[in-house]
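File shown: input27.txt (compact mmCIF, C-alpha atoms).
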# COMPACT_ATOMS: atom_id res chain seq x y z
CA MET A 1 -109.52 260.22 -33.42
CA ASP A 2 -108.25 257.88 -30.73
CA ASP A 3 -105.26 255.70 -31.43
CA VAL A 4 -106.16 252.05 -31.43
CA ARG A 5 -104.98 249.90 -28.52
CA ILE A 6 -102.19 247.45 -29.29
CA ILE A 7 -101.78 244.26 -27.26
CA GLU A 8 -98.57 242.23 -27.40
CA VAL A 9 -99.65 238.65 -26.73
CA LYS A 10 -97.35 235.92 -25.53
CA GLN A 11 -97.24 232.37 -26.77
CA SER A 12 -99.28 229.98 -24.69
CA VAL A 13 -97.74 228.11 -21.79
CA PHE A 14 -100.38 225.42 -22.12
CA GLU A 15 -99.25 222.22 -23.76
CA ASP A 16 -102.68 221.10 -24.86
CA ASN A 17 -104.11 223.87 -27.03
CA ASN A 18 -107.17 221.82 -28.03
CA LYS A 19 -108.16 221.38 -24.39
CA ASP A 20 -107.53 225.05 -23.68
CA ALA A 21 -109.63 226.07 -26.70
CA GLN A 22 -112.49 223.95 -25.35
CA LEU A 23 -112.23 225.70 -21.97
CA LEU A 24 -112.33 229.09 -23.69
CA ARG A 25 -115.44 228.06 -25.65
CA GLU A 26 -117.14 226.99 -22.42
CA SER A 27 -116.44 230.32 -20.76
CA LEU A 28 -117.68 232.19 -23.86
CA LYS A 29 -120.87 230.12 -23.70
CA ALA A 30 -121.33 231.01 -20.03
CA GLU A 31 -121.21 234.72 -20.84
CA ASN A 32 -123.12 234.52 -24.16
CA THR A 33 -120.28 235.86 -26.26
CA PHE A 34 -119.94 234.51 -29.79
CA LEU A 35 -116.41 234.35 -31.21
CA LEU A 36 -115.90 234.06 -34.98
CA ASN A 37 -112.40 233.30 -36.30
CA LEU A 38 -111.68 234.79 -39.74
CA MET A 39 -108.76 233.36 -41.70
CA SER A 40 -107.30 233.74 -45.20
CA SER A 41 -104.19 234.36 -47.28
CA PRO A 42 -102.59 237.79 -47.12
CA GLY A 43 -104.42 240.19 -49.41
CA SER A 44 -107.63 238.25 -49.94
CA GLY A 45 -109.69 241.08 -48.45
CA LYS A 46 -110.28 240.19 -44.79
CA THR A 47 -110.26 243.77 -43.53
CA THR A 48 -112.29 245.21 -46.43
CA THR A 49 -114.90 242.48 -45.93
CA LEU A 50 -114.93 243.14 -42.18
CA LEU A 51 -115.45 246.86 -42.73
CA LYS A 52 -118.45 246.14 -44.95
CA LEU A 53 -119.80 243.61 -42.42
CA VAL A 54 -119.42 246.14 -39.60
CA GLY A 55 -121.58 248.58 -41.58
CA TYR A 56 -124.33 245.98 -41.82
CA LEU A 57 -124.02 244.38 -38.38
CA LYS A 58 -123.23 247.16 -35.94
CA ASP A 59 -126.86 248.23 -35.44
CA LYS A 60 -128.09 244.62 -35.13
CA VAL A 61 -125.64 243.16 -32.62
CA ARG A 62 -123.18 244.50 -30.06
CA MET A 63 -119.92 243.66 -31.76
CA ALA A 64 -116.16 244.12 -31.51
CA VAL A 65 -113.15 243.15 -33.58
CA MET A 66 -109.69 241.83 -32.69
CA GLU A 67 -107.12 242.27 -35.45
CA ALA A 68 -104.10 239.97 -35.28
CA ASP A 69 -100.97 240.97 -37.13
CA ILE A 70 -97.29 240.35 -36.89
CA ASP A 71 -96.72 244.07 -37.07
CA SER A 72 -98.58 247.33 -37.84
CA SER A 73 -101.96 248.46 -36.54
CA ILE A 74 -103.55 249.87 -39.69
CA ASP A 75 -106.31 247.27 -39.77
CA ALA A 76 -107.60 247.79 -36.23
CA GLN A 77 -107.42 251.55 -36.68
CA ALA A 78 -109.63 251.27 -39.80
CA ILE A 79 -112.18 249.16 -37.91
CA GLN A 80 -112.20 251.51 -34.91
CA ASN A 81 -112.73 254.44 -37.26
CA ALA A 82 -115.82 252.61 -38.55
CA GLY A 83 -117.33 253.05 -35.10
CA ILE A 84 -116.94 249.82 -33.17
CA LYS A 85 -114.62 248.60 -30.45
CA ALA A 86 -111.40 247.16 -31.87
CA ILE A 87 -107.98 246.16 -30.64
CA GLN A 88 -104.81 245.18 -32.42
CA ILE A 89 -103.08 241.99 -31.32
CA HIS A 90 -99.38 241.76 -32.11
CA THR A 91 -98.18 238.18 -32.25
CA GLY A 92 -94.48 239.01 -31.96
CA GLY A 93 -93.62 237.25 -35.21
CA MET A 94 -95.85 234.22 -34.55
CA CYS A 95 -97.69 232.93 -37.61
CA HIS A 96 -100.97 232.14 -35.85
CA LEU A 97 -103.00 232.65 -32.66
CA ASP A 98 -103.63 229.87 -30.18
CA ALA A 99 -106.46 229.74 -27.63
CA ASP A 100 -104.54 231.43 -24.85
CA MET A 101 -103.36 234.28 -27.10
CA THR A 102 -107.00 234.73 -28.10
CA ARG A 103 -107.99 234.75 -24.41
CA GLN A 104 -105.38 237.45 -23.68
CA GLY A 105 -106.89 239.53 -26.49
CA LEU A 106 -110.47 239.03 -25.26
CA ARG A 107 -109.47 240.04 -21.75
CA GLU A 108 -107.94 243.30 -22.98
CA LEU A 109 -110.86 243.94 -25.33
CA GLY A 110 -113.46 243.44 -22.61
CA THR A 111 -116.53 241.39 -23.58
CA ASP A 112 -119.16 242.37 -20.97
CA ASP A 113 -120.87 244.70 -23.43
CA VAL A 114 -120.26 242.56 -26.52
CA ASP A 115 -122.28 239.68 -28.04
CA LEU A 116 -120.16 239.06 -31.14
CA VAL A 117 -116.39 239.21 -31.44
CA ILE A 118 -114.76 238.72 -34.82
CA LEU A 119 -111.10 237.74 -34.69
CA GLU A 120 -109.10 238.49 -37.82
CA ASN A 121 -106.31 235.93 -37.65
CA VAL A 122 -102.82 236.31 -39.18
CA GLY A 123 -102.89 236.21 -43.01
CA ASN A 124 -101.77 232.64 -43.58
CA LEU A 125 -103.51 229.53 -44.97
CA VAL A 126 -101.34 227.05 -43.11
CA CYS A 127 -100.67 227.65 -39.42
CA PRO A 128 -103.92 229.31 -38.25
CA ALA A 129 -105.80 226.21 -39.45
CA GLU A 130 -103.74 224.05 -37.10
CA PHE A 131 -104.50 225.97 -33.92
CA ASP A 132 -108.00 226.04 -32.43
CA THR A 133 -108.49 229.60 -31.15
CA GLY A 134 -111.53 228.69 -29.07
CA ALA A 135 -113.81 230.28 -31.67
CA ILE A 136 -117.37 228.99 -32.02
CA LYS A 137 -117.21 229.10 -35.82
CA ASN A 138 -114.44 229.49 -38.38
CA MET A 139 -114.67 231.34 -41.65
CA THR A 140 -112.16 231.66 -44.48
CA ILE A 141 -111.96 234.04 -47.43
CA LEU A 142 -110.61 232.97 -50.80
CA SER A 143 -110.26 235.72 -53.38
CA VAL A 144 -110.78 235.03 -57.08
CA PRO A 145 -107.20 236.03 -58.12
CA GLU A 146 -105.77 233.33 -55.83
CA GLY A 147 -107.32 230.59 -57.95
CA ASP A 148 -109.98 227.90 -57.57
CA ASP A 149 -107.40 225.22 -56.67
CA LYS A 150 -106.58 226.49 -53.17
CA PRO A 151 -108.72 223.86 -51.35
CA LEU A 152 -106.55 221.20 -53.04
CA LYS A 153 -103.34 222.74 -51.71
CA TYR A 154 -104.38 223.86 -48.22
CA PRO A 155 -106.73 221.07 -47.14
CA LEU A 156 -106.81 221.71 -43.39
CA MET A 157 -108.01 225.31 -43.80
CA TYR A 158 -111.09 224.09 -45.66
CA GLU A 159 -111.68 221.11 -43.36
CA THR A 160 -111.65 223.49 -40.38
CA CYS A 161 -113.98 226.18 -41.72
CA ASP A 162 -117.76 226.40 -41.46
CA LEU A 163 -118.03 229.13 -44.08
CA LEU A 164 -116.05 229.85 -47.24
CA VAL A 165 -116.47 233.36 -48.58
CA VAL A 166 -115.26 233.75 -52.16
CA ASN A 167 -114.29 237.41 -52.55
CA LYS A 168 -113.47 239.73 -55.49
CA ILE A 169 -116.12 238.24 -57.80
CA ASP A 170 -116.24 241.66 -59.50
CA VAL A 171 -112.98 240.77 -61.29
CA MET A 172 -113.94 237.17 -62.11
CA GLU A 173 -113.86 237.76 -65.87
CA TYR A 174 -110.16 238.73 -65.79
CA PHE A 175 -109.07 235.52 -64.10
CA ASP A 176 -109.20 231.87 -64.94
CA PHE A 177 -111.50 231.01 -62.03
CA ASP A 178 -114.29 228.44 -62.20
CA LYS A 179 -117.16 228.85 -59.71
CA GLU A 180 -118.27 225.22 -60.01
CA LYS A 181 -114.69 224.02 -59.58
CA VAL A 182 -114.10 225.97 -56.37
CA ILE A 183 -117.39 224.66 -54.95
CA ALA A 184 -116.41 221.06 -55.83
CA ASN A 185 -112.87 221.49 -54.42
CA ALA A 186 -114.11 223.01 -51.16
CA LYS A 187 -116.90 220.41 -50.72
CA MET A 188 -114.36 217.64 -51.33
CA ARG A 189 -112.42 218.88 -48.28
CA ASN A 190 -115.55 219.57 -46.23
CA PRO A 191 -119.01 218.48 -47.46
CA ASP A 192 -120.71 220.62 -44.79
CA ILE A 193 -119.01 223.91 -45.67
CA ASP A 194 -121.28 226.84 -46.55
CA ILE A 195 -120.14 228.95 -49.51
CA ILE A 196 -121.05 232.56 -50.27
CA PHE A 197 -119.76 234.59 -53.24
CA ILE A 198 -119.13 238.29 -52.59
CA SER A 199 -117.40 241.43 -53.71
CA ALA A 200 -116.30 243.39 -50.67
CA LYS A 201 -115.53 246.25 -53.07
CA THR A 202 -119.03 246.58 -54.53
CA GLY A 203 -120.84 245.17 -51.48
CA GLU A 204 -122.44 242.31 -53.44
CA GLY A 205 -123.17 239.33 -51.17
CA ILE A 206 -122.14 241.10 -47.92
CA GLU A 207 -125.71 240.93 -46.59
CA LYS A 208 -125.72 237.15 -47.03
CA VAL A 209 -122.52 236.80 -44.99
CA ALA A 210 -123.90 239.13 -42.30
CA GLU A 211 -127.12 237.08 -42.12
CA TRP A 212 -125.09 233.87 -41.89
CA ILE A 213 -123.17 235.33 -38.93
CA LEU A 214 -126.36 236.57 -37.17
CA LYS A 215 -127.89 233.09 -37.57
CA GLN A 216 -124.81 231.50 -35.91
CA VAL A 217 -124.95 233.99 -33.01
CA GLU A 218 -128.67 233.28 -32.56
CA ASP A 219 -128.15 229.48 -32.57
CA TRP A 220 -125.31 229.80 -30.04
CA ASN A 221 -127.49 231.77 -27.64
CA LYS A 222 -130.43 229.33 -27.78
CA MET B 1 -95.88 211.00 -69.28
CA ASP B 2 -93.98 209.98 -66.16
CA ASP B 3 -95.50 210.61 -62.78
CA VAL B 4 -93.53 213.15 -60.80
CA ARG B 5 -91.47 211.93 -57.84
CA ILE B 6 -92.80 212.84 -54.40
CA ILE B 7 -90.45 213.15 -51.41
CA GLU B 8 -91.80 213.20 -47.86
CA VAL B 9 -89.28 215.28 -45.91
CA LYS B 10 -88.86 215.17 -42.16
CA GLN B 11 -88.39 218.10 -39.85
CA SER B 12 -84.79 218.85 -39.08
CA VAL B 13 -83.06 217.32 -36.09
CA PHE B 14 -80.59 220.19 -36.04
CA GLU B 15 -81.15 222.79 -33.39
CA ASP B 16 -79.32 225.57 -35.16
CA ASN B 17 -80.94 225.99 -38.56
CA ASN B 18 -78.89 229.09 -39.39
CA LYS B 19 -75.65 227.19 -38.94
CA ASP B 20 -77.00 224.27 -40.92
CA ALA B 21 -78.09 226.59 -43.74
CA GLN B 22 -74.57 228.01 -43.86
CA LEU B 23 -73.14 224.49 -44.16
CA LEU B 24 -75.53 223.72 -47.01
CA ARG B 25 -74.49 226.93 -48.82
CA GLU B 26 -70.84 225.96 -48.49
CA SER B 27 -71.45 222.53 -49.98
CA LEU B 28 -73.49 224.09 -52.82
CA LYS B 29 -70.57 226.46 -53.48
CA ALA B 30 -68.16 223.53 -53.60
CA GLU B 31 -70.20 221.85 -56.32
CA ASN B 32 -71.15 225.05 -58.20
CA THR B 33 -74.88 224.61 -57.70
CA PHE B 34 -76.95 227.78 -57.31
CA LEU B 35 -80.07 227.50 -55.15
CA LEU B 36 -82.82 230.12 -55.45
CA ASN B 37 -85.62 230.12 -52.86
CA LEU B 38 -88.95 231.38 -54.20
CA MET B 39 -91.56 232.49 -51.66
CA SER B 40 -94.99 234.16 -51.73
CA SER B 41 -98.59 234.06 -50.54
CA PRO B 42 -100.81 231.28 -51.84
CA GLY B 43 -102.12 232.18 -55.28
CA SER B 44 -99.70 234.96 -56.19
CA GLY B 45 -98.51 233.03 -59.24
CA LYS B 46 -95.32 231.20 -58.19
CA THR B 47 -95.88 228.18 -60.42
CA THR B 48 -97.11 230.15 -63.45
CA THR B 49 -94.07 232.44 -63.16
CA LEU B 50 -91.79 229.42 -62.82
CA LEU B 51 -93.26 227.79 -65.90
CA LYS B 52 -92.59 230.94 -67.92
CA LEU B 53 -89.06 231.19 -66.48
CA VAL B 54 -88.37 227.56 -67.38
CA GLY B 55 -89.30 228.35 -70.99
CA TYR B 56 -86.73 231.12 -71.06
CA LEU B 57 -83.99 229.53 -68.97
CA LYS B 58 -83.91 225.86 -69.85
CA ASP B 59 -81.70 226.29 -72.94
CA LYS B 60 -79.33 228.68 -71.15
CA VAL B 61 -78.61 226.84 -67.90
CA ARG B 62 -78.94 223.28 -66.62
CA MET B 63 -81.82 223.72 -64.21
CA ALA B 64 -84.19 221.80 -61.96
CA VAL B 65 -87.13 222.67 -59.70
CA MET B 66 -88.19 221.47 -56.24
CA GLU B 67 -91.84 222.16 -55.44
CA ALA B 68 -92.73 222.23 -51.75
CA ASP B 69 -96.33 221.73 -50.78
CA ILE B 70 -98.26 220.50 -47.80
CA ASP B 71 -100.19 218.20 -50.07
CA SER B 72 -100.79 217.54 -53.79
CA SER B 73 -98.21 217.27 -56.57
CA ILE B 74 -99.89 219.23 -59.34
CA ASP B 75 -97.19 221.93 -59.38
CA ALA B 76 -94.20 219.61 -59.83
CA GLN B 77 -96.07 217.64 -62.46
CA ALA B 78 -96.67 220.85 -64.44
CA ILE B 79 -92.97 221.77 -64.25
CA GLN B 80 -91.84 218.27 -65.27
CA ASN B 81 -94.23 218.38 -68.22
CA ALA B 82 -92.43 221.58 -69.29
CA GLY B 83 -89.35 219.47 -69.84
CA ILE B 84 -87.03 219.89 -66.88
CA LYS B 85 -86.18 217.80 -63.83
CA ALA B 86 -88.62 218.40 -60.97
CA ILE B 87 -89.56 216.78 -57.69
CA GLN B 88 -92.37 217.41 -55.26
CA ILE B 89 -91.49 217.85 -51.60
CA HIS B 90 -94.26 217.10 -49.13
CA THR B 91 -93.73 218.86 -45.83
CA GLY B 92 -96.20 216.73 -43.86
CA GLY B 93 -98.23 219.74 -42.76
CA MET B 94 -95.22 221.95 -42.01
CA CYS B 95 -95.60 225.59 -43.00
CA HIS B 96 -92.04 226.07 -44.26
CA LEU B 97 -88.83 224.31 -45.26
CA ASP B 98 -85.68 224.47 -43.18
CA ALA B 99 -82.14 223.84 -44.42
CA ASP B 100 -82.13 220.12 -43.68
CA MET B 101 -85.48 219.57 -45.40
CA THR B 102 -84.03 221.40 -48.40
CA ARG B 103 -80.94 219.19 -48.25
CA GLN B 104 -83.14 216.06 -48.22
CA GLY B 105 -84.88 217.38 -51.34
CA LEU B 106 -81.61 218.22 -53.13
CA ARG B 107 -80.26 214.75 -52.39
CA GLU B 108 -83.32 213.09 -53.92
CA LEU B 109 -83.31 215.49 -56.87
CA GLY B 110 -79.63 214.88 -57.65
CA THR B 111 -77.58 217.99 -58.49
CA ASP B 112 -74.54 216.58 -60.36
CA ASP B 113 -76.01 217.60 -63.72
CA VAL B 114 -77.66 220.81 -62.49
CA ASP B 115 -76.29 224.38 -62.16
CA LEU B 116 -79.48 226.11 -60.99
CA VAL B 117 -82.12 224.75 -58.62
CA ILE B 118 -85.23 226.79 -57.93
CA LEU B 119 -87.06 225.86 -54.75
CA GLU B 120 -90.72 226.84 -54.64
CA ASN B 121 -91.37 227.16 -50.91
CA VAL B 122 -94.75 226.67 -49.19
CA GLY B 123 -97.23 229.45 -50.02
CA ASN B 124 -96.95 231.54 -46.87
CA LEU B 125 -95.59 235.03 -46.15
CA VAL B 126 -94.72 234.35 -42.53
CA CYS B 127 -92.90 231.13 -41.68
CA PRO B 128 -90.72 230.60 -44.78
CA ALA B 129 -89.14 234.02 -44.13
CA GLU B 130 -88.03 232.84 -40.69
CA PHE B 131 -86.14 229.75 -41.84
CA ASP B 132 -82.98 230.02 -43.92
CA THR B 133 -83.18 227.19 -46.46
CA GLY B 134 -79.51 227.46 -47.40
CA ALA B 135 -80.45 229.23 -50.63
CA ILE B 136 -77.93 231.61 -52.20
CA LYS B 137 -80.63 234.16 -53.02
CA ASN B 138 -84.26 234.67 -52.00
CA MET B 139 -87.04 235.95 -54.20
CA THR B 140 -90.64 236.78 -53.37
CA ILE B 141 -93.66 237.37 -55.58
CA LEU B 142 -96.37 239.85 -54.67
CA SER B 143 -99.39 239.90 -56.95
CA VAL B 144 -101.29 243.11 -57.65
CA PRO B 145 -104.62 241.88 -56.18
CA GLU B 146 -102.95 241.31 -52.79
CA GLY B 147 -102.34 245.05 -52.39
CA ASP B 148 -99.36 247.40 -52.19
CA ASP B 149 -99.34 247.36 -48.36
CA LYS B 150 -97.99 243.82 -47.92
CA PRO B 151 -94.40 244.92 -47.09
CA LEU B 152 -95.87 246.85 -44.14
CA LYS B 153 -97.59 243.75 -42.77
CA TYR B 154 -95.03 241.03 -43.47
CA PRO B 155 -91.73 242.84 -42.84
CA LEU B 156 -89.41 239.85 -42.51
CA MET B 157 -90.32 238.47 -45.95
CA TYR B 158 -89.15 241.70 -47.57
CA GLU B 159 -86.09 242.06 -45.35
CA THR B 160 -85.02 238.55 -46.35
CA CYS B 161 -85.51 238.80 -50.10
CA ASP B 162 -83.04 239.96 -52.76
CA LEU B 163 -85.69 240.28 -55.45
CA LEU B 164 -89.33 241.32 -55.33
CA VAL B 165 -91.34 240.33 -58.39
CA VAL B 166 -94.65 242.16 -58.66
CA ASN B 167 -96.94 239.87 -60.68
CA LYS B 168 -100.34 240.25 -62.42
CA ILE B 169 -99.65 243.79 -63.66
CA ASP B 170 -102.04 243.02 -66.54
CA VAL B 171 -104.97 243.53 -64.11
CA MET B 172 -103.51 246.63 -62.41
CA GLU B 173 -106.34 248.89 -63.62
CA TYR B 174 -108.98 246.82 -61.78
CA PHE B 175 -107.28 247.11 -58.40
CA ASP B 176 -106.36 249.93 -56.09
CA PHE B 177 -102.61 249.28 -56.40
CA ASP B 178 -99.98 252.01 -56.49
CA LYS B 179 -96.65 251.12 -58.15
CA GLU B 180 -94.75 253.90 -56.41
CA LYS B 181 -96.24 252.93 -53.06
CA VAL B 182 -95.21 249.29 -53.33
CA ILE B 183 -91.67 250.33 -54.29
CA ALA B 184 -91.49 252.72 -51.30
CA ASN B 185 -92.94 250.10 -48.90
CA ALA B 186 -90.54 247.37 -50.07
CA LYS B 187 -87.48 249.69 -50.00
CA MET B 188 -88.44 250.79 -46.49
CA ARG B 189 -88.06 247.15 -45.39
CA ASN B 190 -85.00 246.53 -47.51
CA PRO B 191 -83.22 249.36 -49.34
CA ASP B 192 -81.18 246.87 -51.40
CA ILE B 193 -84.11 244.88 -52.77
CA ASP B 194 -84.41 244.64 -56.57
CA ILE B 195 -87.94 245.02 -57.95
CA ILE B 196 -89.28 243.77 -61.29
CA PHE B 197 -92.87 244.15 -62.52
CA ILE B 198 -94.26 241.26 -64.56
CA SER B 199 -97.32 239.52 -65.86
CA ALA B 200 -96.73 235.77 -65.82
CA LYS B 201 -99.94 235.47 -67.84
CA THR B 202 -98.84 237.65 -70.78
CA GLY B 203 -95.11 237.06 -70.30
CA GLU B 204 -94.31 240.75 -69.81
CA GLY B 205 -91.17 241.21 -67.69
CA ILE B 206 -90.31 237.48 -67.52
CA GLU B 207 -87.12 238.03 -69.50
CA LYS B 208 -85.92 240.58 -66.93
CA VAL B 209 -86.44 238.10 -64.09
CA ALA B 210 -84.66 235.38 -66.06
CA GLU B 211 -81.72 237.70 -66.75
CA TRP B 212 -81.60 238.66 -63.05
CA ILE B 213 -81.37 234.96 -62.15
CA LEU B 214 -78.68 234.22 -64.76
CA LYS B 215 -76.63 237.16 -63.43
CA GLN B 216 -76.82 235.75 -59.87
CA VAL B 217 -75.75 232.29 -61.06
CA GLU B 218 -72.84 233.83 -62.94
CA ASP B 219 -71.70 235.90 -59.94
CA TRP B 220 -71.92 232.84 -57.69
CA ASN B 221 -69.69 230.82 -59.99
CA LYS B 222 -66.98 233.49 -60.26

Once more with this new file: its structure as structure tokens, please.
Amino acid sequence: MDDVRIIEVKQSVFEDNNKDAQLLRESLKAENTFLLNLMSSPGSGKTTTLLKLVGYLKDKVRMAVMEADIDSSIDAQAIQNAGIKAIQIHTGGMCHLDADMTRQGLRELGTDDVDLVILENVGNLVCPAEFDTGAIKNMTILSVPEGDDKPLKYPLMYETCDLLVVNKIDVMEYFDFDKEKVIANAKMRNPDIDIIFISAKTGEGIEKVAEWILKQVEDWNK
Amino acid sequence: MDDVRIIEVKQSVFEDNNKDAQLLRESLKAENTFLLNLMSSPGSGKTTTLLKLVGYLKDKVRMAVMEADIDSSIDAQAIQNAGIKAIQIHTGGMCHLDADMTRQGLRELGTDDVDLVILENVGNLVCPAEFDTGAIKNMTILSVPEGDDKPLKYPLMYETCDLLVVNKIDVMEYFDFDKEKVIANAKMRNPDIDIIFISAKTGEGIEKVAEWILKQVEDWNK
């Protein structure tokens, strides 16, 4: 099995990240590559969800994954073992990716043969929400054990995201987690947010997330 | 019931946070105030653990709590309702507290009648580990649903902490979490780290954490 490639990205030299993110989006549009930015707390199940999504999506769309981490490359290796192109981005201690760091990753990944790139951002509910990566859509995962109050405490994450995936619903009965409350809290931050409940462990709801992603890719290519 | 006080702190003007943190520690030493910095991911149970600790500690030591959050004041209100002095620190979007922000909080809190201050840092495994708050000791909570691999992915948090509290052990059987593995992973990052397993929900292990804290306060005042 091949070792996964590890890219050490450098912090952007651009002062205006928002402008740079817009430029990246325009160049992605020109080459018909869809970039999805996946964010969440540490341990909410980003990689497990991605692995299940890869299983569903890899025969329907030409896809690749960029895994961002402060250290380690276990996530990208797992994705590569699942049979799709993946690279590991090391942020050198940085708590988020900006647009230029994302561009460095895309360049190393190579996107000529890819229609969908999923970027797994650093596990952090604060900083990644502040930096536009240039992604076309943003998605966040909240796991049941974290609690239904997270949209109240990390407002920008929910304002920024197009899709909220609530993961680990298989353990809902063991936690004090209210489905209606999390919907109300998320919609308060962002009335337009889509919400899908899943269990990455059992696979429940994964198909809905995959279909949501395929719909976004289709709309982007129209 | 009184509304909790909310302090909007400003980012430090000091260039050298490490030096500033050292100065804060010296002034805390001079007035016999022990500061404990509590860090973790969002949703790992910092506030629930704190509430249980307050129940155990409040008759044994004169204590107060500073709750740092980007937004909202529900945590500080809950602590104040438990019968001890608490303030809410709003970081204005910042992902961590530095030593001067901590000092601003302590000043507003008032420490003349307090021997132990617990600071609940912003829920984030990355940035808070990079900024010395001036605390005497650092403690992190990892909850079982987050997974036993977190010390591999967020090395600095574990290198920085004196105590790792593993929370939510009451749901251990529903998750793929290996006690021995988390101990090995944490010790790999920091051979001197103390580790205590608890359930803030059932109260199991809380007494051990409280006794650990009392021992640190005692040693500091020697």

What lies within 7 Å of Val126 of chain B using all atoms listed in the file, ignoring chain neighbours under 3 positions off, as a PDB file with C-alpha atoms, keeping the file's coordinate frame?
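Everything below was put into result18.pdb:
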ATOM      1  CA  CYS A  95     -97.690 232.930 -37.610  1.00  0.00           C
TER       2      CYS A  95
ATOM      3  CA  ALA B 129     -89.140 234.020 -44.130  1.00  0.00           C
ATOM      4  CA  TYR B 154     -95.030 241.030 -43.470  1.00  0.00           C
ATOM      5  CA  MET B 157     -90.320 238.470 -45.950  1.00  0.00           C
TER       6      MET B 157
END

Quiz item: Can you list, as a list of chain:residue names, every protein, DNA or RNA residue that comes within 10 Å of Ser27 of chain B when you count all atoms listed in the file, leaving out same-chain residues fewer than 6 positions away?
Solution: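 The residues that qualify are B:Ala21, B:Thr33, B:Gly134.
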
Dump C-alpha atoms for the selected residues as a short mmCIF file (atom, residue, chain, number, x, y, z; two decimals), in the coordinates of the input?
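File produced: result32.cif:
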data_model
loop_
_atom_site.label_atom_id
_atom_site.label_comp_id
_atom_site.auth_asym_id
_atom_site.auth_seq_id
_atom_site.Cartn_x
_atom_site.Cartn_y
_atom_site.Cartn_z
CA ALA B 21 -78.09 226.59 -43.74
CA THR B 33 -74.88 224.61 -57.70
CA GLY B 134 -79.51 227.46 -47.40
#

Return the neighbours of chain A among the residues of chain B, cut-off 8 Å, counting only C-alpha atoms, as a tab-separated table (two decimals) with C-alpha atoms, keeping the file's coordinate frame.
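The resulting file, out_25.tsv, is reproduced below:
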chain	number	residue	atom	x	y	z
B	41	SER	CA	-98.59	234.06	-50.54
B	42	PRO	CA	-100.81	231.28	-51.84
B	43	GLY	CA	-102.12	232.18	-55.28
B	44	SER	CA	-99.70	234.96	-56.19
B	69	ASP	CA	-96.33	221.73	-50.78
B	70	ILE	CA	-98.26	220.50	-47.80
B	71	ASP	CA	-100.19	218.20	-50.07
B	72	SER	CA	-100.79	217.54	-53.79
B	93	GLY	CA	-98.23	219.74	-42.76
B	95	CYS	CA	-95.60	225.59	-43.00
B	124	ASN	CA	-96.95	231.54	-46.87
B	125	LEU	CA	-95.59	235.03	-46.15
B	126	VAL	CA	-94.72	234.35	-42.53
B	127	CYS	CA	-92.90	231.13	-41.68
B	145	PRO	CA	-104.62	241.88	-56.18
B	146	GLU	CA	-102.95	241.31	-52.79
B	147	GLY	CA	-102.34	245.05	-52.39
B	150	LYS	CA	-97.99	243.82	-47.92
B	152	LEU	CA	-95.87	246.85	-44.14
B	153	LYS	CA	-97.59	243.75	-42.77
B	154	TYR	CA	-95.03	241.03	-43.47
B	155	PRO	CA	-91.73	242.84	-42.84
B	171	VAL	CA	-104.97	243.53	-64.11
B	174	TYR	CA	-108.98	246.82	-61.78

Exercise. Point out the residue among A:Leu50, A:Ile118, A:Leu97, A:Ile89 with the least atom-to-atom distance to Asp132 of chain A, counting only C-alpha atoms.
Key: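 Result for the nearest residue to Asp132 of chain A: A:Leu97.
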
Quiz item: When you draw a straight line from atom CA of Ala99 of chain A to atom CA of Glu8 of chain A, how long is it in Å?
Solution: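 Going from atom CA of Ala99 of chain A over to atom CA of Glu8 of chain A covers 14.8 Å.
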
Quiz prompt | Close residues, Thr102 of chain B itself excluded, 9 Å, only C-alpha atoms, min 6 positions apart in chain, as a list in words | solution =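 Everything that qualifies: Val9, Leu24, Met66, Ile89, Leu119, Thr133, Gly134 and Ala135 of chain B.
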
Export, as a short mmCIF file (atom, residue, chain, number, x, y, z; two decimals), keeping the file's coordinate frame, the selected residues with C-alpha atoms.
data_model
loop_
_atom_site.label_atom_id
_atom_site.label_comp_id
_atom_site.auth_asym_id
_atom_site.auth_seq_id
_atom_site.Cartn_x
_atom_site.Cartn_y
_atom_site.Cartn_z
CA VAL B 9 -89.28 215.28 -45.91
CA LEU B 24 -75.53 223.72 -47.01
CA MET B 66 -88.19 221.47 -56.24
CA ILE B 89 -91.49 217.85 -51.60
CA LEU B 119 -87.06 225.86 -54.75
CA THR B 133 -83.18 227.19 -46.46
CA GLY B 134 -79.51 227.46 -47.40
CA ALA B 135 -80.45 229.23 -50.63
#

Quiz item: Which residue out of B:Glu120, B:Glu207, B:Asp16, B:Glu159 has the minimum interatomic distance to Leu35 of chain B when all atoms listed in the file are used?
Solution: B:Glu120

Practice problem: Could you please determine the separation between atom CA of Ile198 of chain B and atom CA of Lys179 of chain A in Å, to one decimal place? | Solution: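 Interatomic distance, atom CA of Ile198 of chain B to atom CA of Lys179 of chain A: 26.5 Å.
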
Exercise. Have a look at atom CA of Leu57 of chain B and atom CA of Arg107 of chain B and let me know their distance in Å, one decimal.
Key: 22.5 Å

Quiz item: Got a sec: who's within 9 Å of Ala82 of chain B, counting all atoms listed in the file, leaving out chain neighbours fewer than 2 positions off, as a ChimeraX atom specification?
Solution: /B:51,54-55,77-80,84

Practice problem: Would you mind listing what lies within 12 Å of Glu108 of chain B as a VMD selection string, with all atoms listed in the file counted and same-chain residues fewer than 2 positions away left out? | Solution: chain B and resid 5 to 9 64 to 66 85 to 89 101 to 106 110 to 112

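With all atoms listed in the file as the atoms that count, the residue of A:Met139, A:Met39, A:Asp100, A:Thr48 with the shortest distance to Asp20 of chain A is A:Asp100.
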
Quiz item: Pick the closest to Asp192 of chain B from B:Asp98, B:Asp113, B:Asp178, B:Asp162: which is it, counting all atoms listed in the file?
Solution: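 Looking only at the distances to Asp192 of chain B, the closest residue turns out to be B:Asp162.
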